[in-house]
$ cat work_14.csv   # CSV, C-alpha atoms and all ligand atoms
chain,number,residue,atom,x,y,z
A,29,MET,CA,-25.1,20.6,-62.2
A,30,VAL,CA,-24.9,17.0,-60.9
A,31,GLU,CA,-22.6,16.0,-63.7
A,32,GLU,CA,-20.3,19.0,-62.9
A,33,ILE,CA,-20.1,18.1,-59.3
A,34,VAL,CA,-19.1,14.5,-60.0
A,35,ASN,CA,-16.6,15.4,-62.7
A,36,GLU,CA,-15.0,18.1,-60.5
A,37,GLY,CA,-14.4,15.5,-57.8
A,38,ARG,CA,-16.7,17.3,-55.3
A,39,VAL,CA,-18.3,14.0,-54.0
A,40,LYS,CA,-16.2,12.7,-51.2
A,41,LEU,CA,-16.2,9.5,-49.2
A,42,HIS,CA,-14.8,9.8,-45.8
A,43,ARG,CA,-13.9,6.4,-44.4
A,44,PHE,CA,-13.3,6.1,-40.7
A,45,ASN,CA,-10.7,3.7,-39.3
A,46,PRO,CA,-10.7,1.2,-37.7
A,47,SER,CA,-14.6,1.2,-37.6
A,48,GLY,CA,-15.0,1.3,-41.3
A,49,ARG,CA,-17.9,3.7,-41.0
A,50,GLU,CA,-18.5,5.7,-44.2
A,51,ILE,CA,-19.7,9.2,-44.5
A,52,TRP,CA,-20.4,10.9,-47.9
A,53,THR,CA,-20.2,14.6,-48.4
A,54,VAL,CA,-20.8,16.8,-51.4
A,55,VAL,CA,-19.3,20.2,-51.9
A,56,GLY,CA,-22.2,22.2,-53.2
A,57,SER,CA,-22.8,25.9,-53.8
A,58,ARG,CA,-23.3,26.4,-50.1
A,59,GLY,CA,-20.4,24.4,-48.8
A,60,ASP,CA,-20.1,20.8,-47.7
A,61,GLN,CA,-23.3,18.8,-47.2
A,62,LEU,CA,-23.5,15.5,-45.5
A,63,VAL,CA,-25.4,12.9,-47.5
A,64,ILE,CA,-26.8,9.6,-46.4
A,65,GLU,CA,-28.2,7.9,-49.4
A,66,SER,CA,-29.8,4.9,-47.6
A,67,GLN,CA,-32.0,7.1,-45.3
A,68,PRO,CA,-32.2,9.3,-47.5
A,69,TYR,CA,-30.8,12.4,-45.8
A,70,CYS,CA,-28.9,15.5,-46.7
A,71,THR,CA,-28.0,18.5,-44.5
A,72,CYS,CA,-28.9,21.1,-47.1
A,73,LYS,CA,-31.8,23.5,-46.8
A,74,HIS,CA,-33.5,22.3,-49.9
A,75,PHE,CA,-33.7,18.8,-48.4
A,76,HIS,CA,-35.1,20.0,-45.1
A,77,PHE,CA,-37.8,22.2,-46.6
A,78,ALA,CA,-38.7,20.9,-50.0
A,79,VAL,CA,-38.0,17.2,-49.7
A,80,LEU,CA,-39.1,16.6,-46.1
A,81,GLY,CA,-42.0,19.0,-46.9
A,82,GLY,CA,-43.1,16.7,-49.7
A,83,ARG,CA,-42.5,19.2,-52.5
A,84,ASP,CA,-39.5,17.5,-54.1
A,85,GLU,CA,-38.2,14.0,-54.5
A,86,THR,CA,-34.5,14.7,-53.8
A,87,CYS,CA,-31.8,17.3,-53.8
A,88,TYR,CA,-28.8,17.6,-56.1
A,89,HIS,CA,-26.4,16.4,-53.4
A,90,LEU,CA,-28.2,13.0,-53.2
A,91,SER,CA,-28.3,12.8,-56.9
A,92,ALA,CA,-24.5,13.6,-57.1
A,93,VAL,CA,-23.7,10.8,-54.6
A,94,LYS,CA,-25.7,8.3,-56.6
A,95,LYS,CA,-24.1,9.3,-59.8
A,96,ALA,CA,-20.6,9.3,-58.3
A,97,LYS,CA,-21.1,5.8,-57.0
A,98,GLN,CA,-22.3,4.5,-60.4
A,99,ALA,CA,-19.3,6.1,-62.1
A,100,SER,CA,-16.9,5.2,-59.3
A,101,LYS,CA,-15.8,8.8,-59.4
A,102,PHE,CA,-15.3,10.3,-56.0
A,103,VAL,CA,-12.5,11.3,-53.7
A,104,LYS,CA,-11.8,8.8,-50.9
A,105,ILE,CA,-10.5,10.1,-47.6
A,106,GLU,CA,-9.3,8.0,-44.8
A,107,ILE,CA,-9.8,9.4,-41.3
A,108,ASP,CA,-9.2,8.2,-37.8
A,109,ASP,CA,-12.2,7.3,-35.7
A,110,GLU,CA,-11.1,9.8,-33.1
A,111,GLU,CA,-12.0,12.5,-35.5
A,112,TYR,CA,-15.6,11.4,-36.0
A,113,GLY,CA,-17.3,13.7,-33.5
A,114,ARG,CA,-15.3,16.7,-34.6
A,115,PHE,CA,-16.0,15.9,-38.3
A,116,LEU,CA,-19.7,15.7,-37.8
A,117,SER,CA,-20.0,18.9,-35.7
A,118,MET,CA,-18.1,20.7,-38.4
A,119,LEU,CA,-20.7,19.7,-41.0
A,120,ALA,CA,-24.0,20.3,-39.2
A,121,SER,CA,-25.6,20.9,-35.9
A,122,ASP,CA,-28.9,19.0,-36.4
A,123,LEU,CA,-28.0,15.5,-37.5
A,124,PRO,CA,-30.2,12.4,-37.3
A,125,PRO,CA,-29.8,10.9,-33.9
A,126,ASP,CA,-28.8,7.5,-35.1
A,127,LEU,CA,-25.7,9.0,-36.7
A,128,VAL,CA,-24.3,10.6,-33.6
B,201,ZN,ZN,-28.8,18.3,-50.4

$ encode --input "work_14.csv" --output "structure tokens" --more "lines below"
Ligand SMILES: [Zn+2]
Amino acid sequence: MVEEIVNEGRVKLHRFNPSGREIWTVVGSRGDQLVIESQPYCTCKHFHFAVLGGRDETCYHLSAVKKAKQASKFVKIEIDDEEYGRFLSMLASDLPPDLV
């Protein structure tokens, strides 16, 4: 599953300019999920229920980002800072406050 996602180029790094802020997303089975590896954080349901609920360590989106970084195999997208707000609201409605 994780291997497939990485090999199919479904891990994306969105780089905002000129701030240089970086946002990772993974196109999973239920659409694009926003992943923050350092937190860790993911917008998927599994992360919210199983990981935050203490029943699982991680979700496959987080694993995919880790693997993609190791393999340097991801799609890099450059975006203007002006698009940041719109980009986030497109991905999720309940983001960690320090992100917005
Ligand atoms: Zn996830």

$ residues_near_ligand --input "work_14.csv" --ligand "ligand ZN 201 (chain B)" --cutoff "6 Å" --atoms "all atoms listed in the file" --output "PDB file with C-alpha atoms, keeping the file's coordinate frame"
ATOM      1  CA  CYS A  70     -28.900  15.500 -46.700  1.00  0.00           C
ATOM      2  CA  THR A  71     -28.000  18.500 -44.500  1.00  0.00           C
ATOM      3  CA  CYS A  72     -28.900  21.100 -47.100  1.00  0.00           C
ATOM      4  CA  PHE A  75     -33.700  18.800 -48.400  1.00  0.00           C
ATOM      5  CA  CYS A  87     -31.800  17.300 -53.800  1.00  0.00           C
ATOM      6  CA  TYR A  88     -28.800  17.600 -56.100  1.00  0.00           C
ATOM      7  CA  HIS A  89     -26.400  16.400 -53.400  1.00  0.00           C
TER       8      HIS A  89
END

$ residues_around --input "work_14.csv" --residues "A:Ser66" --least-positions-apart "2" --cutoff "12 Å" --atoms "all atoms listed in the file" --output "list in words"
Glu50, Ile51, Trp52, Val63, Ile64, Pro68, Tyr69, Cys70, Leu90, Val93 and Lys94 of chain A

$ atom_distance --input "work_14.csv" --atom1 "atom CA of A:Gly82" --atom2 "atom CA of A:Gly56"
21.9 Å

$ closest_residue --input "work_14.csv" --among "A:Gln67, A:Met29, A:Lys73, A:Glu106" --to "A:His42" --atoms "all atoms listed in the file"
A:Glu106

$ atom_distance --input "work_14.csv" --atom1 "atom CA of A:Asp60" --atom2 "atom CA of A:Thr86"
16.8 Å

$ atom_distance --input "work_14.csv" --atom1 "atom CA of A:Val39" --atom2 "atom CA of A:Leu80"
22.4 Å
